[in-house]
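Raw model_21.pdb, PDB, C-alpha atoms:
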```pdb
ATOM      1  CA  MET J   1       0.000   0.000   0.000  1.00  0.00           C
ATOM      2  CA  LYS J   2       1.301   3.469  -0.899  1.00  0.00           C
ATOM      3  CA  VAL J   3       0.987   6.182   1.721  1.00  0.00           C
ATOM      4  CA  ASN J   4       2.521   9.638   1.238  1.00  0.00           C
ATOM      5  CA  GLY J   5       4.615   8.338  -1.598  1.00  0.00           C
ATOM      6  CA  GLY J   6       6.089   5.414   0.401  1.00  0.00           C
ATOM      7  CA  ASP J   7       5.246   1.811   1.037  1.00  0.00           C
ATOM      8  CA  TRP J   8       3.276   1.031   4.187  1.00  0.00           C
ATOM      9  CA  ASN J   9       2.405  -2.401   5.474  1.00  0.00           C
ATOM     10  CA  PRO J  10      -0.511  -2.275   7.941  1.00  0.00           C
ATOM     11  CA  GLU J  11       0.076  -5.868   9.079  1.00  0.00           C
ATOM     12  CA  GLN J  12       3.675  -5.092  10.029  1.00  0.00           C
ATOM     13  CA  PHE J  13       2.507  -1.943  11.818  1.00  0.00           C
ATOM     14  CA  LEU J  14      -0.005  -3.928  13.888  1.00  0.00           C
ATOM     15  CA  GLU J  15       2.618  -6.579  14.682  1.00  0.00           C
ATOM     16  CA  ARG J  16       4.995  -3.891  15.999  1.00  0.00           C
ATOM     17  CA  ILE J  17       2.224  -2.443  18.160  1.00  0.00           C
ATOM     18  CA  GLN J  18       1.472  -5.899  19.590  1.00  0.00           C
ATOM     19  CA  GLU J  19       5.178  -6.527  20.290  1.00  0.00           C
ATOM     20  CA  ARG J  20       5.516  -3.200  22.107  1.00  0.00           C
ATOM     21  CA  LYS J  21       2.406  -3.936  24.149  1.00  0.00           C
ATOM     22  CA  GLU J  22       3.766  -7.362  25.161  1.00  0.00           C
ATOM     23  CA  GLU J  23       7.149  -5.858  26.073  1.00  0.00           C
ATOM     24  CA  ALA J  24       5.441  -3.214  28.211  1.00  0.00           C
ATOM     25  CA  MET J  25       3.383  -5.874  29.993  1.00  0.00           C
ATOM     26  CA  VAL J  26       6.510  -7.927  30.720  1.00  0.00           C
ATOM     27  CA  LYS J  27       8.304  -4.864  32.101  1.00  0.00           C
ATOM     28  CA  LYS J  28       5.313  -4.011  34.290  1.00  0.00           C
ATOM     29  CA  LYS J  29       5.120  -7.584  35.654  1.00  0.00           C
ATOM     30  CA  GLN J  30       8.848  -7.541  36.389  1.00  0.00           C
ATOM     31  CA  GLU J  31       8.629  -4.189  38.167  1.00  0.00           C
ATOM     32  CA  GLN J  32       5.634  -5.422  40.144  1.00  0.00           C
ATOM     33  CA  GLU J  33       7.476  -8.576  41.226  1.00  0.00           C
ATOM     34  CA  ARG J  34      10.609  -6.615  42.201  1.00  0.00           C
ATOM     35  CA  LEU J  35       8.531  -4.260  44.341  1.00  0.00           C
ATOM     36  CA  LYS J  36       6.673  -7.159  45.944  1.00  0.00           C
ATOM     37  CA  GLN J  37       9.945  -8.929  46.784  1.00  0.00           C
ATOM     38  CA  ARG J  38      11.377  -5.725  48.206  1.00  0.00           C
ATOM     39  CA  ILE J  39       8.346  -5.311  50.473  1.00  0.00           C
ATOM     40  CA  LEU J  40       8.486  -8.946  51.555  1.00  0.00           C
ATOM     41  CA  ASN J  41      12.190  -8.759  52.355  1.00  0.00           C
ATOM     42  CA  ASP J  42      12.655  -5.220  53.686  1.00  0.00           C
ATOM     43  CA  TRP J  43       9.479  -5.212  55.755  1.00  0.00           C
ATOM     44  CA  ASP J  44       9.739  -8.891  56.789  1.00  0.00           C
ATOM     45  CA  GLN J  45       6.303  -9.761  55.409  1.00  0.00           C
ATOM     46  CA  HIS J  46       6.868 -13.349  54.241  1.00  0.00           C
ATOM     47  CA  LYS J  47       4.097 -14.618  56.531  1.00  0.00           C
ATOM     48  CA  SER J  48       1.634 -12.255  54.823  1.00  0.00           C
ATOM     49  CA  ILE J  49       2.328 -13.341  51.247  1.00  0.00           C
ATOM     50  CA  ASN J  50      -1.379 -13.943  50.519  1.00  0.00           C
ATOM     51  CA  PHE J  51      -2.280 -10.395  51.500  1.00  0.00           C
ATOM     52  CA  TRP J  52       0.475  -8.946  49.318  1.00  0.00           C
ATOM     53  CA  GLN J  53      -0.550 -11.076  46.341  1.00  0.00           C
ATOM     54  CA  GLN J  54      -4.103  -9.767  46.692  1.00  0.00           C
ATOM     55  CA  CYS J  55      -2.804  -6.233  47.142  1.00  0.00           C
ATOM     56  CA  PHE J  56      -0.836  -6.414  43.906  1.00  0.00           C
ATOM     57  CA  THR J  57      -3.882  -7.918  42.174  1.00  0.00           C
ATOM     58  CA  PHE J  58      -6.486  -5.376  43.308  1.00  0.00           C
ATOM     59  CA  VAL J  59      -4.515  -2.132  43.705  1.00  0.00           C
ATOM     60  CA  PRO J  60      -2.967  -0.398  40.673  1.00  0.00           C
ATOM     61  CA  LEU J  61       0.827  -0.626  40.570  1.00  0.00           C
ATOM     62  CA  LYS J  62       1.096   3.168  40.407  1.00  0.00           C
ATOM     63  CA  ILE J  63      -0.703   3.503  43.758  1.00  0.00           C
ATOM     64  CA  ILE J  64       1.382   0.755  45.385  1.00  0.00           C
ATOM     65  CA  ARG J  65       4.618   2.309  44.130  1.00  0.00           C
ATOM     66  CA  GLN J  66       3.664   5.793  45.350  1.00  0.00           C
ATOM     67  CA  THR J  67       2.525   4.546  48.745  1.00  0.00           C
ATOM     68  CA  PHE J  68       5.658   2.433  49.186  1.00  0.00           C
ATOM     69  CA  ASN J  69       7.880   5.391  48.270  1.00  0.00           C
ATOM     70  CA  ASN J  70       5.984   7.666  50.675  1.00  0.00           C
ATOM     71  CA  VAL J  71       6.393   5.208  53.551  1.00  0.00           C
ATOM     72  CA  GLU J  72      10.108   4.824  52.817  1.00  0.00           C
ATOM     73  CA  LYS J  73      10.617   8.603  52.570  1.00  0.00           C
ATOM     74  CA  LEU J  74       8.807   9.169  55.859  1.00  0.00           C
ATOM     75  CA  ASN J  75      10.971   6.557  57.533  1.00  0.00           C
ATOM     76  CA  ALA J  76      14.154   8.062  56.060  1.00  0.00           C
ATOM     77  CA  SER J  77      13.149  11.560  57.199  1.00  0.00           C
ATOM     78  CA  GLY J  78      12.959  10.478  60.816  1.00  0.00           C
ATOM     79  CA  TYR J  79       9.188  10.067  61.118  1.00  0.00           C
ATOM     80  CA  PRO J  80       8.658   7.246  63.620  1.00  0.00           C
ATOM     81  CA  VAL J  81       7.189   4.442  61.489  1.00  0.00           C
ATOM     82  CA  ARG J  82       7.107   1.411  63.781  1.00  0.00           C
ATOM     83  CA  ASN J  83       5.378  -0.969  61.387  1.00  0.00           C
ATOM     84  CA  LYS J  84       5.795   0.020  57.751  1.00  0.00           C
ATOM     85  CA  ALA J  85       3.366  -2.627  56.487  1.00  0.00           C
ATOM     86  CA  ALA J  86       0.614  -1.490  58.862  1.00  0.00           C
ATOM     87  CA  PHE J  87       1.197   2.136  57.886  1.00  0.00           C
ATOM     88  CA  PHE J  88       1.025   1.098  54.218  1.00  0.00           C
ATOM     89  CA  VAL J  89      -2.320  -0.659  54.771  1.00  0.00           C
ATOM     90  CA  SER J  90      -3.673   2.306  56.760  1.00  0.00           C
ATOM     91  CA  THR J  91      -2.757   4.554  53.864  1.00  0.00           C
ATOM     92  CA  LEU J  92      -4.537   2.230  51.425  1.00  0.00           C
ATOM     93  CA  LYS J  93      -7.601   2.303  53.688  1.00  0.00           C
ATOM     94  CA  GLY J  94      -7.522   6.089  53.682  1.00  0.00           C
ATOM     95  CA  MET J  95      -7.482   6.087  49.890  1.00  0.00           C
ATOM     96  CA  GLY J  96     -10.352   3.567  49.721  1.00  0.00           C
ATOM     97  CA  TYR J  97      -8.414   0.615  48.298  1.00  0.00           C
ATOM     98  CA  PHE J  98      -8.693  -1.685  51.311  1.00  0.00           C
ATOM     99  CA  PRO J  99     -10.597  -3.805  52.312  1.00  0.00           C
ATOM    100  CA  TRP J 100     -11.109  -5.451  48.945  1.00  0.00           C
ATOM    101  CA  GLN J 101     -14.653  -5.322  47.600  1.00  0.00           C
ATOM    102  CA  GLU J 102     -16.556  -8.608  47.285  1.00  0.00           C
ATOM    103  CA  ASN J 103     -19.466  -9.460  45.018  1.00  0.00           C
ATOM    104  CA  SER J 104     -22.509 -11.519  46.024  1.00  0.00           C
ATOM    105  CA  ASP J 105     -20.671 -14.795  45.251  1.00  0.00           C
ATOM    106  CA  GLY J 106     -18.012 -13.986  47.831  1.00  0.00           C
ATOM    107  CA  LYS J 107     -15.408 -13.463  45.130  1.00  0.00           C
ATOM    108  CA  GLN J 108     -13.291 -10.361  45.330  1.00  0.00           C
ATOM    109  CA  LEU J 109     -13.756  -7.592  42.800  1.00  0.00           C
ATOM    110  CA  GLN J 110     -11.034  -5.341  41.526  1.00  0.00           C
ATOM    111  CA  GLN J 111     -11.560  -1.817  42.731  1.00  0.00           C
ATOM    112  CA  ASN J 112     -11.478   1.031  40.276  1.00  0.00           C
ATOM    113  CA  ALA J 113     -10.189   4.261  41.682  1.00  0.00           C
TER     114      ALA J 113
END
```
Turn this file's structure into structure tokens for me.
Amino acid sequence: MKVNGGDWNPEQFLERIQERKEEAMVKKKQEQERLKQRILNDWDQHKSINFWQQCFTFVPLKIIRQTFNNVEKLNASGYPVRNKAAFFVSTLKGMGYFPWQENSDGKQLQQNA
């Protein structure tokens, strides 16, 4: 197909878009897993792995990342954070992300905020 005097292949264009989308999804999953492992290790939360898996399922990564960074910055600034995980959950509650919503079947719904 000729477009603006040059050849253009729409199939190749769509394939490149799909490849970029898949690469972005892989990067997001990797970032999510790195952040989860950092929380589990730094905050000693290995016994609460189920909660953290649900958290990363139901809360957008952007919100988790921002909240984690805020907790770490507060701790670094000298603010007395005794239990970082509890402070993190309290912050999520304040923003309306926790507790997770459930539908009538008892299955959890992803919150949109």
Closest of J:Ile49, J:Leu35, J:Val81, J:Leu40 to Leu61 (chain J) - atom-to-atom distances counting all atoms listed in the file:
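Among J:Ile49, J:Leu35, J:Val81, J:Leu40, it is J:Leu35 that comes nearest to Leu61 (chain J).
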Taking the file as shown, find all residues satisfying the PyMOL selection byres ((chain J and resi 64) around 10) and write them as a JSON list (two decimals) with C-alpha atoms, keeping the file's coordinate frame.
```json
[["chain", "number", "residue", "atom", "x", "y", "z"],
["J", 32, "GLN", "CA", 5.63, -5.42, 40.14],
["J", 35, "LEU", "CA", 8.53, -4.26, 44.34],
["J", 36, "LYS", "CA", 6.67, -7.16, 45.94],
["J", 55, "CYS", "CA", -2.80, -6.23, 47.14],
["J", 56, "PHE", "CA", -0.84, -6.41, 43.91],
["J", 59, "VAL", "CA", -4.51, -2.13, 43.70],
["J", 60, "PRO", "CA", -2.97, -0.40, 40.67],
["J", 61, "LEU", "CA", 0.83, -0.63, 40.57],
["J", 62, "LYS", "CA", 1.10, 3.17, 40.41],
["J", 63, "ILE", "CA", -0.70, 3.50, 43.76],
["J", 65, "ARG", "CA", 4.62, 2.31, 44.13],
["J", 66, "GLN", "CA", 3.66, 5.79, 45.35],
["J", 67, "THR", "CA", 2.52, 4.55, 48.74],
["J", 68, "PHE", "CA", 5.66, 2.43, 49.19],
["J", 69, "ASN", "CA", 7.88, 5.39, 48.27],
["J", 70, "ASN", "CA", 5.98, 7.67, 50.68],
["J", 88, "PHE", "CA", 1.02, 1.10, 54.22],
["J", 92, "LEU", "CA", -4.54, 2.23, 51.42]]
```
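One distance worth recording is that between CA of Asn41 (chain J) and CA of Glu23 (chain J), which is 26.9 Å.
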Between J:Trp8, J:Phe58, J:Phe51, J:Trp43, which has the minimum distance to Tyr97 (chain J) (counting all atoms listed in the file)?
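Closest residue, counting all atoms listed in the file: J:Phe58.
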Of the candidates J:Ala86, J:Ala24, J:Gly94, J:Pro99, which shows the shortest atom-to-atom distance to Gln54 (chain J), using only C-alpha atoms?
J:Pro99
May I ask which of the residues J:Asn83, J:Glu19, J:Leu14, J:Trp52 is the closest one to Phe98 (chain J), counting only C-alpha atoms?
J:Trp52
Could you state the separation of CA of Glu15 (chain J) and CA of Met1 (chain J) in Å, given to one decimal place?
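Rounded to one decimal, the two atoms are 16.3 Å apart.
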One decimal, Å: what's the distance from CA of Gln45 (chain J) over to CA of Lys84 (chain J), could you say?
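These atoms are spaced 10.1 Å apart.
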Given 3 Å on each side, where is the centre and what are the edge lengths in Å to one decimal of the axis-aligned box enclosing the listed atoms of region 82-96 of chain J, as AutoDock Vina command-line options?
```
--center_x -1.6 --center_y 1.7 --center_z 56.8 --size_x 23.5 --size_y 14.7 --size_z 20.1
```
Which one is closest to Ile39 (chain J): J:Glu72, J:Trp100, J:Pro80, J:Gly6? Count all atoms listed in the file.
J:Glu72
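Nearest residue to Glu33 (chain J) among J:Thr57, J:Gln12, J:Ser48, J:Gln18 is J:Thr57, counting only C-alpha atoms.
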